[in-house]
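> File query_28.pdb follows (PDB, C-alpha atoms and all ligand atoms):
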ATOM      1  CA  MET K  92       0.000   0.000   0.000
ATOM      2  CA  LYS K  93       1.331   3.443  -0.928
ATOM      3  CA  PRO K  94       1.212   6.298   1.609
ATOM      4  CA  GLN K  95      -0.716   8.432  -0.884
ATOM      5  CA  ASP K  96      -3.402   5.726  -1.097
ATOM      6  CA  VAL K  97      -3.937   6.024   2.643
ATOM      7  CA  MET K  98      -4.035   9.807   2.459
ATOM      8  CA  THR K  99      -6.557   9.833  -0.365
ATOM      9  CA  GLY K 100      -8.633   7.151   1.302
ATOM     10  CA  LYS K 101      -8.863   5.096  -1.895
ATOM     11  CA  THR K 102      -7.747   1.799  -0.582
ATOM     12  CA  SER K 103      -8.880  -1.147   1.473
ATOM     13  CA  LEU K 104      -6.968  -3.146   4.057
ATOM     14  CA  TRP K 105      -7.639  -6.407   5.895
ATOM     15  CA  ILE K 106      -6.516  -6.691   9.530
ATOM     16  CA  PHE K 107      -6.342 -10.147  11.126
ATOM     17  CA  GLY K 108      -7.065 -10.450  14.861
ATOM     18  CA  TYR K 109      -6.433 -13.575  16.931
ATOM     19  CA  GLY K 110      -6.480 -12.159  20.492
ATOM     20  CA  SER K 111      -8.620  -9.418  21.988
ATOM     21  CA  LEU K 112      -9.326  -8.042  18.494
ATOM     22  CA  VAL K 113     -11.681 -10.965  17.799
ATOM     23  CA  TRP K 114     -14.124  -9.805  20.483
ATOM     24  CA  LYS K 115     -13.186  -6.137  20.843
ATOM     25  CA  PRO K 116     -11.894  -4.544  17.638
ATOM     26  CA  ASP K 117     -12.890  -1.042  18.805
ATOM     27  CA  PHE K 118     -12.293   0.482  15.362
ATOM     28  CA  LYS K 119     -14.705   1.070  12.496
ATOM     29  CA  TYR K 120     -14.625  -1.496   9.704
ATOM     30  CA  LYS K 121     -16.653  -2.364   6.618
ATOM     31  CA  ARG K 122     -17.030  -6.114   7.156
ATOM     32  CA  SER K 123     -15.446  -9.019   8.994
ATOM     33  CA  MET K 124     -14.884 -12.716   8.303
ATOM     34  CA  VAL K 125     -13.951 -15.649  10.542
ATOM     35  CA  GLY K 126     -11.091 -17.709   9.161
ATOM     36  CA  HIS K 127      -7.505 -18.755   9.679
ATOM     37  CA  ILE K 128      -3.915 -18.088   8.795
ATOM     38  CA  GLN K 129      -1.406 -20.859   8.171
ATOM     39  CA  GLY K 130       2.090 -21.447   9.539
ATOM     40  CA  TYR K 131       1.529 -19.946  12.992
ATOM     41  CA  LYS K 132       0.413 -21.237  16.404
ATOM     42  CA  ARG K 133      -1.240 -18.945  18.979
ATOM     43  CA  ARG K 134       0.462 -18.974  22.381
ATOM     44  CA  PHE K 135       0.013 -17.135  25.702
ATOM     45  CA  TRP K 136       3.715 -16.398  25.712
ATOM     46  CA  HIS K 137       3.716 -12.605  25.511
ATOM     47  CA  GLY K 138       3.781 -10.439  28.625
ATOM     48  CA  ASP K 139       1.501  -7.443  29.116
ATOM     49  CA  ASN K 140       2.335  -4.633  31.545
ATOM     50  CA  PHE K 141      -0.332  -2.217  30.303
ATOM     51  CA  HIS K 142      -3.685  -3.668  29.209
ATOM     52  CA  ARG K 143      -3.935  -6.844  31.306
ATOM     53  CA  GLY K 144      -1.095  -6.548  33.794
ATOM     54  CA  ASN K 145       1.437  -4.159  35.225
ATOM     55  CA  ASP K 146       5.200  -3.993  35.792
ATOM     56  CA  LYS K 147       5.007  -5.934  39.061
ATOM     57  CA  LEU K 148       2.631  -8.602  37.796
ATOM     58  CA  PRO K 149       2.645  -8.759  33.996
ATOM     59  CA  GLY K 150      -0.346 -10.424  32.407
ATOM     60  CA  ARG K 151      -0.142 -13.157  29.764
ATOM     61  CA  VAL K 152      -1.541 -12.421  26.306
ATOM     62  CA  VAL K 153      -1.310 -14.217  22.989
ATOM     63  CA  THR K 154       1.223 -13.904  20.248
ATOM     64  CA  LEU K 155       1.958 -16.041  17.183
ATOM     65  CA  MET K 156       4.905 -18.415  16.850
ATOM     66  CA  GLU K 157       5.968 -19.770  13.483
ATOM     67  CA  ASP K 158       4.996 -23.416  13.026
ATOM     68  CA  ASP K 159       4.625 -24.939   9.561
ATOM     69  CA  ASP K 160       2.065 -27.469  10.811
ATOM     70  CA  ALA K 161      -0.207 -25.019  12.621
ATOM     71  CA  ASN K 162      -3.166 -22.796  11.779
ATOM     72  CA  THR K 163      -4.500 -19.952  13.887
ATOM     73  CA  TRP K 164      -8.175 -19.019  13.767
ATOM     74  CA  GLY K 165      -9.511 -15.523  14.286
ATOM     75  CA  VAL K 166     -11.296 -12.686  12.549
ATOM     76  CA  ALA K 167     -10.214 -10.498   9.635
ATOM     77  CA  PHE K 168     -11.663  -6.988   9.420
ATOM     78  CA  GLU K 169     -11.776  -5.001   6.194
ATOM     79  CA  VAL K 170     -11.250  -1.272   6.615
ATOM     80  CA  THR K 171     -11.798   1.080   3.701
ATOM     81  CA  GLY K 172     -11.370   4.744   2.907
ATOM     82  CA  ALA K 173     -10.714   6.908   5.957
ATOM     83  CA  GLN K 174     -11.076   3.806   8.195
ATOM     84  CA  VAL K 175      -7.657   2.627   7.005
ATOM     85  CA  GLU K 176      -5.755   5.520   8.490
ATOM     86  CA  GLU K 177      -8.004   5.701  11.572
ATOM     87  CA  SER K 178      -7.643   1.995  12.401
ATOM     88  CA  LEU K 179      -3.870   1.966  11.837
ATOM     89  CA  LYS K 180      -3.428   4.997  14.084
ATOM     90  CA  TYR K 181      -5.565   3.404  16.792
ATOM     91  CA  LEU K 182      -3.930  -0.024  16.528
ATOM     92  CA  ASN K 183      -0.434   1.414  16.481
ATOM     93  CA  LEU K 184      -1.053   2.811  19.962
ATOM     94  CA  ARG K 185      -2.979  -0.204  21.279
ATOM     95  CA  GLU K 186      -0.870  -2.995  19.821
ATOM     96  CA  ALA K 187       2.558  -1.554  19.028
ATOM     97  CA  VAL K 188       3.224   1.232  21.569
ATOM     98  CA  ARG K 189       1.367  -0.295  24.522
ATOM     99  CA  GLY K 190       1.476  -3.978  23.594
ATOM    100  CA  GLY K 191       4.925  -4.424  22.039
ATOM    101  CA  TYR K 192       3.584  -5.997  18.830
ATOM    102  CA  ALA K 193       5.036  -5.429  15.352
ATOM    103  CA  THR K 194       3.219  -5.767  12.036
ATOM    104  CA  LYS K 195       3.497  -8.501   9.469
ATOM    105  CA  SER K 196       1.671  -9.463   6.310
ATOM    106  CA  VAL K 197      -0.073 -12.865   6.083
ATOM    107  CA  ASP K 198      -2.491 -14.766   3.868
ATOM    108  CA  PHE K 199      -5.925 -15.023   5.492
ATOM    109  CA  PHE K 200      -8.240 -17.885   4.506
ATOM    110  CA  PRO K 201     -11.945 -17.123   5.083
ATOM    111  CA  GLU K 202     -13.995 -19.944   6.584
ATOM    112  CA  GLY K 203     -16.050 -22.110   4.270
ATOM    113  CA  GLY K 204     -14.574 -20.377   1.286
ATOM    114  CA  VAL K 205     -14.087 -23.100  -1.282
ATOM    115  CA  ASP K 206     -14.422 -20.427  -3.924
ATOM    116  CA  GLN K 207     -12.860 -17.727  -1.730
ATOM    117  CA  ALA K 208      -9.256 -16.852  -2.469
ATOM    118  CA  PRO K 209      -7.068 -15.909   0.496
ATOM    119  CA  VAL K 210      -6.704 -12.221   1.170
ATOM    120  CA  THR K 211      -3.559 -10.470   2.319
ATOM    121  CA  ALA K 212      -3.981  -9.218   5.869
ATOM    122  CA  LEU K 213      -1.971  -7.200   8.353
ATOM    123  CA  VAL K 214      -1.323  -8.948  11.663
ATOM    124  CA  TYR K 215       0.282  -7.839  14.940
ATOM    125  CA  ILE K 216       2.907 -10.251  16.260
ATOM    126  CA  ALA K 217       5.237 -10.020  19.263
ATOM    127  CA  THR K 218       8.495 -11.881  18.817
ATOM    128  CA  GLU K 219      10.842 -13.557  21.288
ATOM    129  CA  ASP K 220      13.265 -10.641  21.231
ATOM    130  CA  ASN K 221      10.608  -8.280  22.616
ATOM    131  CA  PRO K 222      11.399  -7.248  26.242
ATOM    132  CA  LEU K 223       7.827  -8.176  27.236
ATOM    133  CA  TYR K 224       8.158 -11.736  25.912
ATOM    134  CA  LEU K 225       7.683 -14.341  28.678
ATOM    135  CA  GLY K 226       7.918 -17.608  26.751
ATOM    136  CA  PRO K 227       6.505 -21.072  27.373
ATOM    137  CA  ALA K 228       5.284 -22.378  30.741
ATOM    138  CA  SER K 229       2.836 -25.061  31.865
ATOM    139  CA  PRO K 230      -0.922 -24.376  31.586
ATOM    140  CA  GLU K 231      -1.033 -24.268  35.411
ATOM    141  CA  VAL K 232       1.640 -21.564  35.656
ATOM    142  CA  ILE K 233       0.141 -19.507  32.817
ATOM    143  CA  GLY K 234      -3.409 -19.980  34.168
ATOM    144  CA  ALA K 235      -2.383 -18.856  37.678
ATOM    145  CA  GLN K 236      -0.605 -15.807  36.281
ATOM    146  CA  ILE K 237      -3.679 -14.868  34.238
ATOM    147  CA  ALA K 238      -6.015 -15.394  37.213
ATOM    148  CA  MET K 239      -3.952 -12.930  39.267
ATOM    149  CA  SER K 240      -3.272 -10.177  36.718
ATOM    150  CA  PHE K 241      -5.150  -7.094  35.710
ATOM    151  CA  GLY K 242      -4.245  -3.873  33.936
ATOM    152  CA  LYS K 243      -5.697  -0.637  32.646
ATOM    153  CA  THR K 244      -8.064  -2.355  30.192
ATOM    154  CA  GLY K 245      -9.349  -4.994  32.593
ATOM    155  CA  HIS K 246      -8.688  -8.376  34.156
ATOM    156  CA  ASN K 247      -6.457 -10.844  32.336
ATOM    157  CA  LEU K 248      -9.043 -13.540  33.024
ATOM    158  CA  GLU K 249     -11.577 -11.633  30.911
ATOM    159  CA  TYR K 250      -9.122 -11.658  27.983
ATOM    160  CA  LEU K 251      -8.661 -15.432  28.298
ATOM    161  CA  LEU K 252     -12.337 -16.318  28.805
ATOM    162  CA  ARG K 253     -13.574 -14.137  25.951
ATOM    163  CA  LEU K 254     -11.049 -15.652  23.558
ATOM    164  CA  ALA K 255     -12.074 -19.176  24.609
ATOM    165  CA  GLU K 256     -15.756 -18.194  24.195
ATOM    166  CA  PHE K 257     -15.036 -16.872  20.689
ATOM    167  CA  MET K 258     -13.378 -20.149  19.703
ATOM    168  CA  ARG K 259     -16.277 -22.230  21.055
ATOM    169  CA  GLN K 260     -18.955 -20.106  19.414
ATOM    170  CA  SER K 261     -17.368 -19.044  16.118
ATOM    171  CA  CYS K 262     -14.962 -21.936  15.444
ATOM    172  CA  PRO K 263     -16.641 -24.952  17.114
ATOM    173  CA  HIS K 264     -14.905 -27.368  14.730
ATOM    174  CA  VAL K 265     -11.425 -26.200  15.772
ATOM    175  CA  ASP K 266      -9.602 -27.790  18.685
ATOM    176  CA  ASP K 267      -7.291 -25.468  20.587
ATOM    177  CA  PRO K 268      -5.667 -27.542  23.369
ATOM    178  CA  HIS K 269      -3.286 -24.744  24.455
ATOM    179  CA  LEU K 270      -6.104 -22.225  24.940
ATOM    180  CA  PHE K 271      -8.553 -24.609  26.612
ATOM    181  CA  ALA K 272      -5.938 -26.130  28.964
ATOM    182  CA  ILE K 273      -5.016 -22.636  30.167
ATOM    183  CA  GLU K 274      -8.680 -21.695  30.539
ATOM    184  CA  ALA K 275      -9.281 -24.798  32.708
ATOM    185  CA  ALA K 276      -6.151 -24.128  34.797
ATOM    186  CA  ALA K 277      -7.063 -20.465  35.348
ATOM    187  CA  LEU K 278     -10.613 -21.305  36.400
ATOM    188  CA  ALA K 279      -9.321 -23.998  38.775
ATOM    189  CA  PHE K 280      -7.058 -21.388  40.387
ATOM    190  CA  VAL K 281      -9.823 -18.831  41.048
ATOM    191  CA  PRO K 282     -11.217 -20.513  44.239
ATOM    192  CA  TYR K 283      -7.738 -20.381  45.806
ATOM    193  CA  LEU K 284      -7.532 -16.668  45.056
ATOM    194  CA  LEU K 285     -10.977 -16.060  46.554
ATOM    195  CA  ALA K 286     -10.104 -18.097  49.663
ATOM    196  CA  ALA K 287      -6.950 -16.053  50.140
ATOM    197  CA  GLN K 288      -8.836 -12.744  50.130
TER
HETATM  198  C1  LIG U 301      -4.705  -5.893  22.974
HETATM  199  O1  LIG U 301      -5.318  -5.669  21.939
HETATM  200  O2  LIG U 301      -3.796  -6.704  23.019
HETATM  201  C2  LIG U 301      -5.064  -5.166  24.199
HETATM  202  C3  LIG U 301      -6.498  -4.893  24.404
HETATM  203  C4  LIG U 301      -7.114  -5.702  25.503
HETATM  204  O3  LIG U 301      -6.424  -6.396  26.218
HETATM  205  O4  LIG U 301      -8.328  -5.645  25.646
END
Could I get this file's structure written as structure tokens?

Amino acid sequence: MKPQDVMTGKTSLWIFGYGSLVWKPDFKYKRSMVGHIQGYKRRFWHGDNFHRGNDKLPGRVVTLMEDDDANTWGVAFEVTGAQVEESLKYLNLREAVRGGYATKSVDFFPEGGVDQAPVTALVYIATEDNPLYLGPASPEVIGAQIAMSFGKTGHNLEYLLRLAEFMRQSCPHVDDPHLFAIEAAALAFVPYLLAAQ
């Protein structure tokens, strides 16, 4: 995309969300489609010291790790005209400045689209060299961390539960053992937190 296209509002852009964007895009868009990208697995391996955690107790949010055998399901949003510049400005603050994510271009495959060609989409990914990166841990450790963390946007548990709800409702045919194991571990940890209060 050329800068002048953005300025003149003549273009369209697809943005792929696989974390909080699937249930809370918070920017104006023309249309959205559920679907997947290939070659990436979604993992709660990125730290969050703004939206869902803080410096003392960083939350755990998702990022994408390259994996030739994996697909990641989410939602792609098409923004057009002035929405392109508006959404990029908004997401740059939300995802890049506050979240530590960088942009990448991927092929997005809409669901059920035998006759649908993939579309190129922008995606926000946080890599291992990001200072906020936390890396792998057991579902129990990640679930406990999520159950205890909250930030300026809300509780980390909300982020996890809404993502799991999206997968159950919008992608019922897709198994996501990483997500659902962490959801179960986090929910199992909640009674201990309540008892300790
Ligand atoms: C994000 O998009 O990663 C942050 C927003 C949120 O946690 O609700």
> Name the residues captured by the PyMOL selection byres (((chain K and resi 263-266) around 12) and not hetatm) when it is applied to the shown file; answer as an NGL selection string.
:K and (125-127 or 161-165 or 202-203 or 255-262 or 267-272)
> Take the PyMOL selection byres (((chain K and resi 146) around 12) and not hetatm), apply it to the structure above, and return the hits as a ChimeraX atom specification.
/K:138-145,147-150,222-223,240-243
> What residues come out when you apply the PyMOL selection byres (((chain K and resi 120) around 6) and not hetatm) to this file, written as a PyMOL selection string?
chain K and resi 119+121-122+169-170
> Kindly save the residues from that selection, with C-alpha atoms included, as a PDB file, in the coordinates of the input.

ATOM      1  CA  LYS K 119     -14.705   1.070  12.496  1.00  0.00           C
ATOM      2  CA  LYS K 121     -16.653  -2.364   6.618  1.00  0.00           C
ATOM      3  CA  ARG K 122     -17.030  -6.114   7.156  1.00  0.00           C
ATOM      4  CA  GLU K 169     -11.776  -5.001   6.194  1.00  0.00           C
ATOM      5  CA  VAL K 170     -11.250  -1.272   6.615  1.00  0.00           C
TER       6      VAL K 170
END
> Between CA of Leu104 in chain K and CA of Thr211 in chain K, what is the distance in Å, rounded to a tenth?
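Between CA of Leu104 in chain K and CA of Thr211 in chain K the gap works out to 8.3 Å.
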> Could you give me, as a PDB file with C-alpha atoms, keeping the file's coordinate frame, every polymer residue with an atom at most 9 Å away from an atom of ligand LIG 301 (chain U), counting all atoms listed in the file?

ATOM      1  CA  GLY K 108      -7.065 -10.450  14.861  1.00  0.00           C
ATOM      2  CA  GLY K 110      -6.480 -12.159  20.492  1.00  0.00           C
ATOM      3  CA  SER K 111      -8.620  -9.418  21.988  1.00  0.00           C
ATOM      4  CA  LEU K 112      -9.326  -8.042  18.494  1.00  0.00           C
ATOM      5  CA  TRP K 114     -14.124  -9.805  20.483  1.00  0.00           C
ATOM      6  CA  LYS K 115     -13.186  -6.137  20.843  1.00  0.00           C
ATOM      7  CA  PRO K 116     -11.894  -4.544  17.638  1.00  0.00           C
ATOM      8  CA  ASP K 139       1.501  -7.443  29.116  1.00  0.00           C
ATOM      9  CA  PHE K 141      -0.332  -2.217  30.303  1.00  0.00           C
ATOM     10  CA  HIS K 142      -3.685  -3.668  29.209  1.00  0.00           C
ATOM     11  CA  ARG K 143      -3.935  -6.844  31.306  1.00  0.00           C
ATOM     12  CA  VAL K 152      -1.541 -12.421  26.306  1.00  0.00           C
ATOM     13  CA  VAL K 153      -1.310 -14.217  22.989  1.00  0.00           C
ATOM     14  CA  LEU K 182      -3.930  -0.024  16.528  1.00  0.00           C
ATOM     15  CA  ARG K 185      -2.979  -0.204  21.279  1.00  0.00           C
ATOM     16  CA  GLU K 186      -0.870  -2.995  19.821  1.00  0.00           C
ATOM     17  CA  ARG K 189       1.367  -0.295  24.522  1.00  0.00           C
ATOM     18  CA  GLY K 190       1.476  -3.978  23.594  1.00  0.00           C
ATOM     19  CA  TYR K 192       3.584  -5.997  18.830  1.00  0.00           C
ATOM     20  CA  GLY K 242      -4.245  -3.873  33.936  1.00  0.00           C
ATOM     21  CA  LYS K 243      -5.697  -0.637  32.646  1.00  0.00           C
ATOM     22  CA  THR K 244      -8.064  -2.355  30.192  1.00  0.00           C
ATOM     23  CA  GLY K 245      -9.349  -4.994  32.593  1.00  0.00           C
ATOM     24  CA  HIS K 246      -8.688  -8.376  34.156  1.00  0.00           C
ATOM     25  CA  ASN K 247      -6.457 -10.844  32.336  1.00  0.00           C
ATOM     26  CA  GLU K 249     -11.577 -11.633  30.911  1.00  0.00           C
ATOM     27  CA  TYR K 250      -9.122 -11.658  27.983  1.00  0.00           C
TER      28      TYR K 250
END
> Which one of K:Ser178, K:Phe200, K:Ile216, K:Ala173 sits closest to Lys132 in chain K if you count all atoms listed in the file?
K:Ile216
> Measure the distance from CA of Pro209 in chain K to CA of His137 in chain K in Å and round it to one decimal.
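Here the two named atoms are 27.4 Å from each other.
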